[in-house]
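J.: This is the structure I have questions about; it appears just below.
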Amino acid sequence: MIQYILECIAFQLLFLVVYDFYLKKETFFQWNRLYLLGTFALSLILPWVKIEAFKQQVPQTFAPYPEYLWKLQNEAVVAQVQESSGWNITWQEDILYGGMLVALFLFWLKIRQLYLLRRSGKRVVFPSFTQIIIANSNIAFSFFTSIFIGDKVLKMKHDTIIAHELVHIKQGHTYDLLFFEFMRVIGWFNPLVYVYQNRISELHEFIADAQVSKEHKTDHYEQLLAQVFQTEHISFINQFFTKSLIKKRIVMLQKSKSKKVWQLKYLLLVPMVLGMLLYTSCEMEPKLDDKDTIDSTSLKSSQNFAFAEVDEVPIFPGCEDADDKRACFNEKIQKHISKHFNYPQAAQDANIEGRVNTMFMISSEGTIENIKMRGTDKLLENEVERIIKRLPKMTPGKHLGKAVNVPFSIPVVFKLDYLSSSEFSFSEVDEVPIFPGCEDADDKRACFNENMQQHISKYFNYPQAAQVANIEGRVYTMFVISSEGTIENIKMRGPDKLLEDEVERIIKRLPQMTPGKQSGKAVNVPYSIPVQFKLQ
C-alpha cells in the first residue's frame, strides 16, 4: 500500500510540473480542466496497470546462502489463525484513519456553514438557479444550482456577477471541487491533492471570466474585478470575489488567445503515460552475482559467522542484561513473530498451510539485511518477510572482539485452526475415512492416500484451453469427507480457473466412503491435496 501511495504522489507531481511549466499560461481552459481531472484519475489507476507487452525483467542482485546454513534452524514458530477479539490495526493505520476522521469533520463544518447561510438567507427561485440573499454581506459564490449573494452586492451593478456564477452552475464546477474535497478526506496526507484543487478552482474562474467577457465590455468587467469584497473561505465553492485570484484573472482577461498549434503540448501526456506504464509493468528478477555469492568458505571469514559459532551473538533489545544472550535472542525472536503474525486472508480462504524457512543477516551495524525465504506458497513467504522486516535494530554480533555479520535462520509454521467441534483433521482423527478397497488394509491412512493419488491420475485430463494458453501451476484443493461418507464443501485455489475447474471435476467423482470416526463416533474429516499441472 505504501508503494502504491508513493507511486500515486510521484505521478501527480510529474503531471503538475508539466501543467505549471507548459500548460497553465495557455488560454485552453477547458482542455486544462480535462487535463487536471484526467491526470489525477490516471495517477490513481496507473500503479495498478501492468501491460504484458511492456513487462521487463529488472535484474536484482542478491547473495544466496549456502545449503548448510538452512539446516542450522532453530525451533519452529507455530503460527495459528485465531478469532480476533477486537480490531487488529497498526499504529500507521491509526494515524491514517484518524487523519481521515479529522478531515471528514472539517468537511462537515464547511457543509454546516453552507447550511446556516442557506437557512439565514432569503430565497428567490429562478428557472435555472436559486438565489440566496445574505443580509449585511458582500459575498458572492455558487454551490450546485444555488447562488449566494450579499444584499450589498445587489445594490450595485451585479448582472456580470450573476452571469459569472451561472457559468459555474451550467458547467458543473461544483462537482470538480467536491471530487477533490473527497480526495482530501481520503488522502489528507498528500499535499498534491490541495495543489490540484487550487489549480482547478483557479481554472473555473478563468473559464467563467472568458465566457462572460464575450457579452460584457471587458474594461467594465475588469473594473468590477479590481474591487475588494468579503470572501467565504470554503474550498469547494466557486467564489466570485477571491482576493488572491483577482490579479491573475485580470491578467488572463487581457491575455491574447493562445494559438491552436500550442494544443500540441497536450501530446506530452502520451510519452508520460507510456513511461509510467513501463515503470509499473516492470518486474524484479533475482540475479546471482558471483562476487557477492555467500558460500560456506566466505561465511567463515573474518566478516561472517553463523549464529551457532559466533563468539558473541547479536543482542536483541531487552537482552542486554540476560545471562544467556543466545537463549534470550531465540525467545525474543519467537515472541516478535507471534506478536506481529497475521495469517493472510487469501491463504485462509484457500486453506494453505505449511512451513516457511526464513534466513536473514544481522549485519555488523545491527540492521536486518538479505532476507530469504523457502516456503509452500508465496502468500506465506510474503507474510514472513513482512514480519522479519519489522525486527528492531540490534547490537551486532562479535567475533574476536570485532563486529561481524551473523546469518540467522528460523522456520515459521502456518497452521489453520479451522476445525469445528464435529471436525477432526485427517492426521489426527482416530479412524480415517475408508476409501473403497481399503477395508482390509493394515494401514488405512496410507491406503487412503495411495487410492486418492490413483483416482486423480485416472480421471486427470489437462484442459485443452489451458494447454493452448500455456497455463501451468499448482491447484490446492480441500474438501470434507462428511460423517455420512459423502464429499462436501470443495474449495480450490490455483493460478487459473481452468485448472481449478478440472480439479473440482475430479474431486466430485470420488466415491462414497466409510466415514472417519473419533471416539467411536462418525465425524467430518477435512482433507487437502495439491494437484500439479505441468506441460511437457
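Following the order of the C-alpha cells, chains are lettered A, B, ..., residues in each are numbered from 1, and ligands are numbered from 1.
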Skipping near chain neighbours, those fewer than 6 positions away, what residues fall within 9 Å of Ile371 of chain A using only C-alpha atoms, listed as a ChimeraX atom specification?
T.: /A:358-361,385,388-389
J.: Dump all heavy atoms for the selected residues as a compact mmCIF listing (two decimals), in the first residue's frame?
T.:
# COMPACT_ATOMS: atom_id res chain seq x y z
N THR A 358 12.96 -19.22 6.83
CA THR A 358 13.49 -17.90 6.51
C THR A 358 14.90 -17.73 7.06
O THR A 358 15.23 -18.28 8.12
CB THR A 358 12.59 -16.78 7.08
OG1 THR A 358 13.14 -15.51 6.73
CG2 THR A 358 12.47 -16.85 8.59
N MET A 359 15.71 -17.01 6.32
CA MET A 359 17.07 -16.70 6.75
C MET A 359 17.35 -15.24 6.44
O MET A 359 16.92 -14.72 5.41
CB MET A 359 18.10 -17.59 6.06
CG MET A 359 19.53 -17.28 6.48
SD MET A 359 20.72 -18.46 5.81
CE MET A 359 20.44 -19.82 6.93
N PHE A 360 18.04 -14.59 7.37
CA PHE A 360 18.40 -13.19 7.17
C PHE A 360 19.73 -12.92 7.84
O PHE A 360 20.24 -13.72 8.62
CB PHE A 360 17.31 -12.26 7.73
CG PHE A 360 16.95 -12.54 9.17
CD1 PHE A 360 17.61 -11.92 10.23
CD2 PHE A 360 15.95 -13.46 9.48
CE1 PHE A 360 17.27 -12.19 11.55
CE2 PHE A 360 15.60 -13.73 10.79
CZ PHE A 360 16.27 -13.10 11.83
N MET A 361 20.30 -11.78 7.51
CA MET A 361 21.61 -11.39 8.05
C MET A 361 21.45 -10.26 9.05
O MET A 361 20.80 -9.26 8.78
CB MET A 361 22.52 -10.92 6.90
CG MET A 361 23.94 -10.58 7.33
SD MET A 361 24.97 -12.05 7.42
CE MET A 361 25.26 -12.34 5.68
N GLU A 385 8.22 -12.43 5.41
CA GLU A 385 9.12 -11.32 5.06
C GLU A 385 8.67 -10.03 5.73
O GLU A 385 9.49 -9.26 6.24
CB GLU A 385 9.16 -11.14 3.55
CG GLU A 385 10.13 -10.05 3.10
CD GLU A 385 10.24 -9.92 1.60
OE1 GLU A 385 9.35 -10.44 0.89
OE2 GLU A 385 11.20 -9.30 1.12
N ILE A 388 9.71 -10.20 9.44
CA ILE A 388 11.16 -10.07 9.65
C ILE A 388 11.62 -8.63 9.42
O ILE A 388 12.50 -8.12 10.12
CB ILE A 388 11.93 -11.05 8.74
CG1 ILE A 388 11.54 -12.51 9.06
CG2 ILE A 388 13.43 -10.85 8.88
CD1 ILE A 388 11.78 -12.91 10.50
N LYS A 389 11.00 -7.95 8.44
CA LYS A 389 11.38 -6.56 8.16
C LYS A 389 11.06 -5.63 9.34
O LYS A 389 11.61 -4.53 9.41
CB LYS A 389 10.66 -6.07 6.90
CG LYS A 389 11.30 -6.56 5.61
CD LYS A 389 10.58 -6.00 4.39
CE LYS A 389 11.28 -6.41 3.11
NZ LYS A 389 10.56 -5.91 1.91
J.: Quick one: residues within 10 Å of Val193 of chain A, only C-alpha atoms counted, chain neighbours fewer than 2 positions away excluded, as a ChimeraX atom specification?
T.: /A:9,12,40,180-185,187-191,195-199
J.: Excluding segment 119-122 of chain A and any residue of its chain fewer than 5 positions from it, enumerate the residues within 8 Å of it, using only C-alpha atoms, and give them as a ChimeraX atom specification.
T.: /A:131-135
J.: DSSP on the backbone: what in segment 325-473 of chain A comes out strand (DSSP E), as a PyMOL selection string?
T.: chain A and resi 354-362+368-374+398-399+402-403+406-415+473
J.: Which neighbours of Arg390 of chain A fall inside 12 Å, counting only C-alpha atoms, when residues of the same chain fewer than 5 positions from it are skipped, and could you give them as an MDAnalysis selection string?
T.: chainID A and resid 333 336:337 339:341 367:369 371 383:385
J.: Enumerate, as a PyMOL selection string, the complete set of residues in segment 377-509 of chain A that a backbone-based DSSP assignment places in alpha helix (DSSP H).
T.: chain A and resi 378-389+444-459+464-468+497-508
J.: Given only C-alpha atoms as the basis, pick out the residue of A:Leu203, A:Leu499, A:Met394, A:Met492 nearest to Tyr35 of chain A.
T.: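 Of the candidates, the smallest distance to Tyr35 of chain A is held by A:Leu203.
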J.: As an exercise, work out the distance from atom CA of Gly150 of chain A to atom CA of Val167 of chain A in Å and give it to one decimal place.
T.: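 That distance, rounded to one decimal, is 18.8 Å.
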J.: Give me the residues near Val480 of chain A as number ranges by chain, where near means some atom within 10 Å (using only C-alpha atoms) and where sequence neighbours in that chain fewer than 3 positions away do not count.
T.: A: 423, 425-426, 483, 485-491, 524-528
J.: Write the residues of the selection above to a file with all heavy atoms, as a tab-separated table (two decimals), in the first residue's frame.
T.:
chain	number	residue	atom	x	y	z
A	423	GLU	N	-15.47	-31.72	13.63
A	423	GLU	CA	-14.49	-31.98	12.58
A	423	GLU	C	-13.15	-32.33	13.20
A	423	GLU	O	-12.72	-31.73	14.19
A	423	GLU	CB	-14.34	-30.77	11.66
A	423	GLU	CG	-15.55	-30.50	10.80
A	423	GLU	CD	-15.33	-29.33	9.86
A	423	GLU	OE1	-14.47	-28.48	10.17
A	423	GLU	OE2	-15.98	-29.25	8.81
A	425	SER	N	-9.06	-33.27	11.86
A	425	SER	CA	-8.17	-33.33	10.71
A	425	SER	C	-7.78	-34.76	10.39
A	425	SER	O	-7.77	-35.65	11.26
A	425	SER	CB	-6.92	-32.48	10.96
A	425	SER	OG	-6.12	-33.07	11.95
A	426	PHE	N	-7.42	-34.99	9.13
A	426	PHE	CA	-7.08	-36.33	8.65
A	426	PHE	C	-5.91	-36.92	9.42
A	426	PHE	O	-5.86	-38.13	9.67
A	426	PHE	CB	-6.76	-36.25	7.15
A	426	PHE	CG	-6.57	-37.59	6.49
A	426	PHE	CD1	-7.66	-38.32	6.05
A	426	PHE	CD2	-5.30	-38.13	6.31
A	426	PHE	CE1	-7.49	-39.57	5.44
A	426	PHE	CE2	-5.12	-39.35	5.71
A	426	PHE	CZ	-6.22	-40.08	5.27
A	483	SER	N	-19.69	-36.99	7.83
A	483	SER	CA	-20.00	-38.10	8.73
A	483	SER	C	-20.90	-39.13	8.06
A	483	SER	O	-21.15	-40.20	8.62
A	483	SER	CB	-20.67	-37.58	10.01
A	483	SER	OG	-21.82	-36.80	9.69
A	485	GLY	N	-20.01	-39.97	4.86
A	485	GLY	CA	-19.10	-40.52	3.88
A	485	GLY	C	-19.15	-39.85	2.53
A	485	GLY	O	-18.49	-40.28	1.58
A	486	THR	N	-19.92	-38.74	2.43
A	486	THR	CA	-20.03	-38.02	1.16
A	486	THR	C	-18.96	-36.92	1.07
A	486	THR	O	-18.43	-36.47	2.10
A	486	THR	CB	-21.42	-37.40	1.00
A	486	THR	OG1	-21.68	-36.55	2.15
A	486	THR	CG2	-22.48	-38.47	0.92
A	487	ILE	N	-18.69	-36.47	-0.17
A	487	ILE	CA	-17.71	-35.40	-0.40
A	487	ILE	C	-18.45	-34.07	-0.43
A	487	ILE	O	-19.36	-33.87	-1.25
A	487	ILE	CB	-16.95	-35.62	-1.73
A	487	ILE	CG1	-16.30	-37.02	-1.75
A	487	ILE	CG2	-15.90	-34.54	-1.94
A	487	ILE	CD1	-15.33	-37.27	-0.62
A	488	GLU	N	-18.05	-33.16	0.44
A	488	GLU	CA	-18.74	-31.87	0.55
A	488	GLU	C	-17.75	-30.72	0.65
A	488	GLU	O	-16.56	-30.93	0.90
A	488	GLU	CB	-19.65	-31.87	1.80
A	488	GLU	CG	-20.73	-32.94	1.78
A	488	GLU	CD	-21.55	-32.96	3.06
A	488	GLU	OE1	-21.25	-32.14	3.97
A	488	GLU	OE2	-22.49	-33.78	3.16
A	489	ASN	N	-18.28	-29.50	0.44
A	489	ASN	CA	-17.54	-28.25	0.69
A	489	ASN	C	-16.18	-28.24	-0.01
A	489	ASN	O	-15.14	-28.03	0.61
A	489	ASN	CB	-17.37	-28.05	2.20
A	489	ASN	CG	-17.00	-26.61	2.53
A	489	ASN	OD1	-17.27	-25.70	1.75
A	489	ASN	ND2	-16.37	-26.41	3.68
A	490	ILE	N	-16.18	-28.46	-1.33
A	490	ILE	CA	-14.94	-28.48	-2.11
A	490	ILE	C	-14.46	-27.05	-2.34
A	490	ILE	O	-15.23	-26.20	-2.80
A	490	ILE	CB	-15.15	-29.19	-3.47
A	490	ILE	CG1	-15.69	-30.60	-3.25
A	490	ILE	CG2	-13.84	-29.24	-4.26
A	490	ILE	CD1	-16.14	-31.28	-4.52
A	491	LYS	N	-13.20	-26.79	-2.03
A	491	LYS	CA	-12.60	-25.47	-2.23
A	491	LYS	C	-11.29	-25.62	-2.97
A	491	LYS	O	-10.58	-26.60	-2.81
A	491	LYS	CB	-12.36	-24.76	-0.90
A	491	LYS	CG	-13.65	-24.40	-0.16
A	491	LYS	CD	-13.34	-23.67	1.12
A	491	LYS	CE	-14.62	-23.30	1.87
A	491	LYS	NZ	-14.33	-22.62	3.15
A	524	ASN	N	-16.93	-35.44	10.65
A	524	ASN	CA	-16.47	-34.83	9.40
A	524	ASN	C	-14.95	-34.77	9.41
A	524	ASN	O	-14.34	-34.39	10.43
A	524	ASN	CB	-17.03	-33.41	9.25
A	524	ASN	CG	-18.54	-33.40	9.19
A	524	ASN	OD1	-19.15	-34.36	8.73
A	524	ASN	ND2	-19.14	-32.30	9.65
A	525	VAL	N	-14.32	-35.09	8.29
A	525	VAL	CA	-12.85	-35.08	8.20
A	525	VAL	C	-12.41	-34.25	7.00
A	525	VAL	O	-12.60	-34.67	5.85
A	525	VAL	CB	-12.28	-36.51	8.09
A	525	VAL	CG1	-10.76	-36.46	7.98
A	525	VAL	CG2	-12.71	-37.36	9.27
A	526	PRO	N	-11.85	-33.06	7.22
A	526	PRO	CA	-11.31	-32.27	6.10
A	526	PRO	C	-10.05	-32.96	5.54
A	526	PRO	O	-9.27	-33.54	6.29
A	526	PRO	CB	-10.95	-30.93	6.74
A	526	PRO	CG	-11.69	-30.90	8.03
A	526	PRO	CD	-11.78	-32.31	8.49
A	527	TYR	N	-9.87	-32.84	4.23
A	527	TYR	CA	-8.71	-33.45	3.58
A	527	TYR	C	-8.23	-32.50	2.49
A	527	TYR	O	-9.03	-31.94	1.75
A	527	TYR	CB	-9.09	-34.79	2.96
A	527	TYR	CG	-7.92	-35.54	2.35
A	527	TYR	CD1	-7.11	-36.36	3.14
A	527	TYR	CD2	-7.63	-35.44	0.99
A	527	TYR	CE1	-6.05	-37.06	2.58
A	527	TYR	CE2	-6.57	-36.12	0.43
A	527	TYR	CZ	-5.78	-36.94	1.22
A	527	TYR	OH	-4.70	-37.61	0.66
A	528	SER	N	-6.92	-32.29	2.41
A	528	SER	CA	-6.37	-31.39	1.39
A	528	SER	C	-5.28	-32.10	0.60
A	528	SER	O	-4.56	-32.96	1.13
A	528	SER	CB	-5.80	-30.12	2.04
A	528	SER	OG	-4.72	-30.44	2.87
J.: Report, in Å to a single decimal, how far apart atom CA of Trp31 of chain A and atom CA of Lys257 of chain A are.
T.: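 Result for atom CA of Lys257 of chain A versus atom CA of Trp31 of chain A: 13.5 Å, one decimal.
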J.: Could you check which of A:Gly354, A:Ser457, A:Tyr343, A:Asn330 is closest to Arg386 of chain A, using only C-alpha atoms?
T.: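 When distances to Arg386 of chain A are compared using only C-alpha atoms, the smallest one comes from A:Tyr343.
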J.: Residues within 9 Å of segment 258-273 of chain A, please, as a list in words. Count only C-alpha atoms; anything in the same chain fewer than 6 positions from it doesn't count.
T.: Leu14, Phe15, Val18, Tyr22, Leu23, Lys25, Glu26, Thr27, Phe28, Trp31, Tyr35, Thr39, Leu42 and Leu46 of chain A
J.: What is the distance between atom CA of Leu274 of chain A and atom CA of Gln30 of chain A, in Å to one decimal?
T.: 23.8 Å
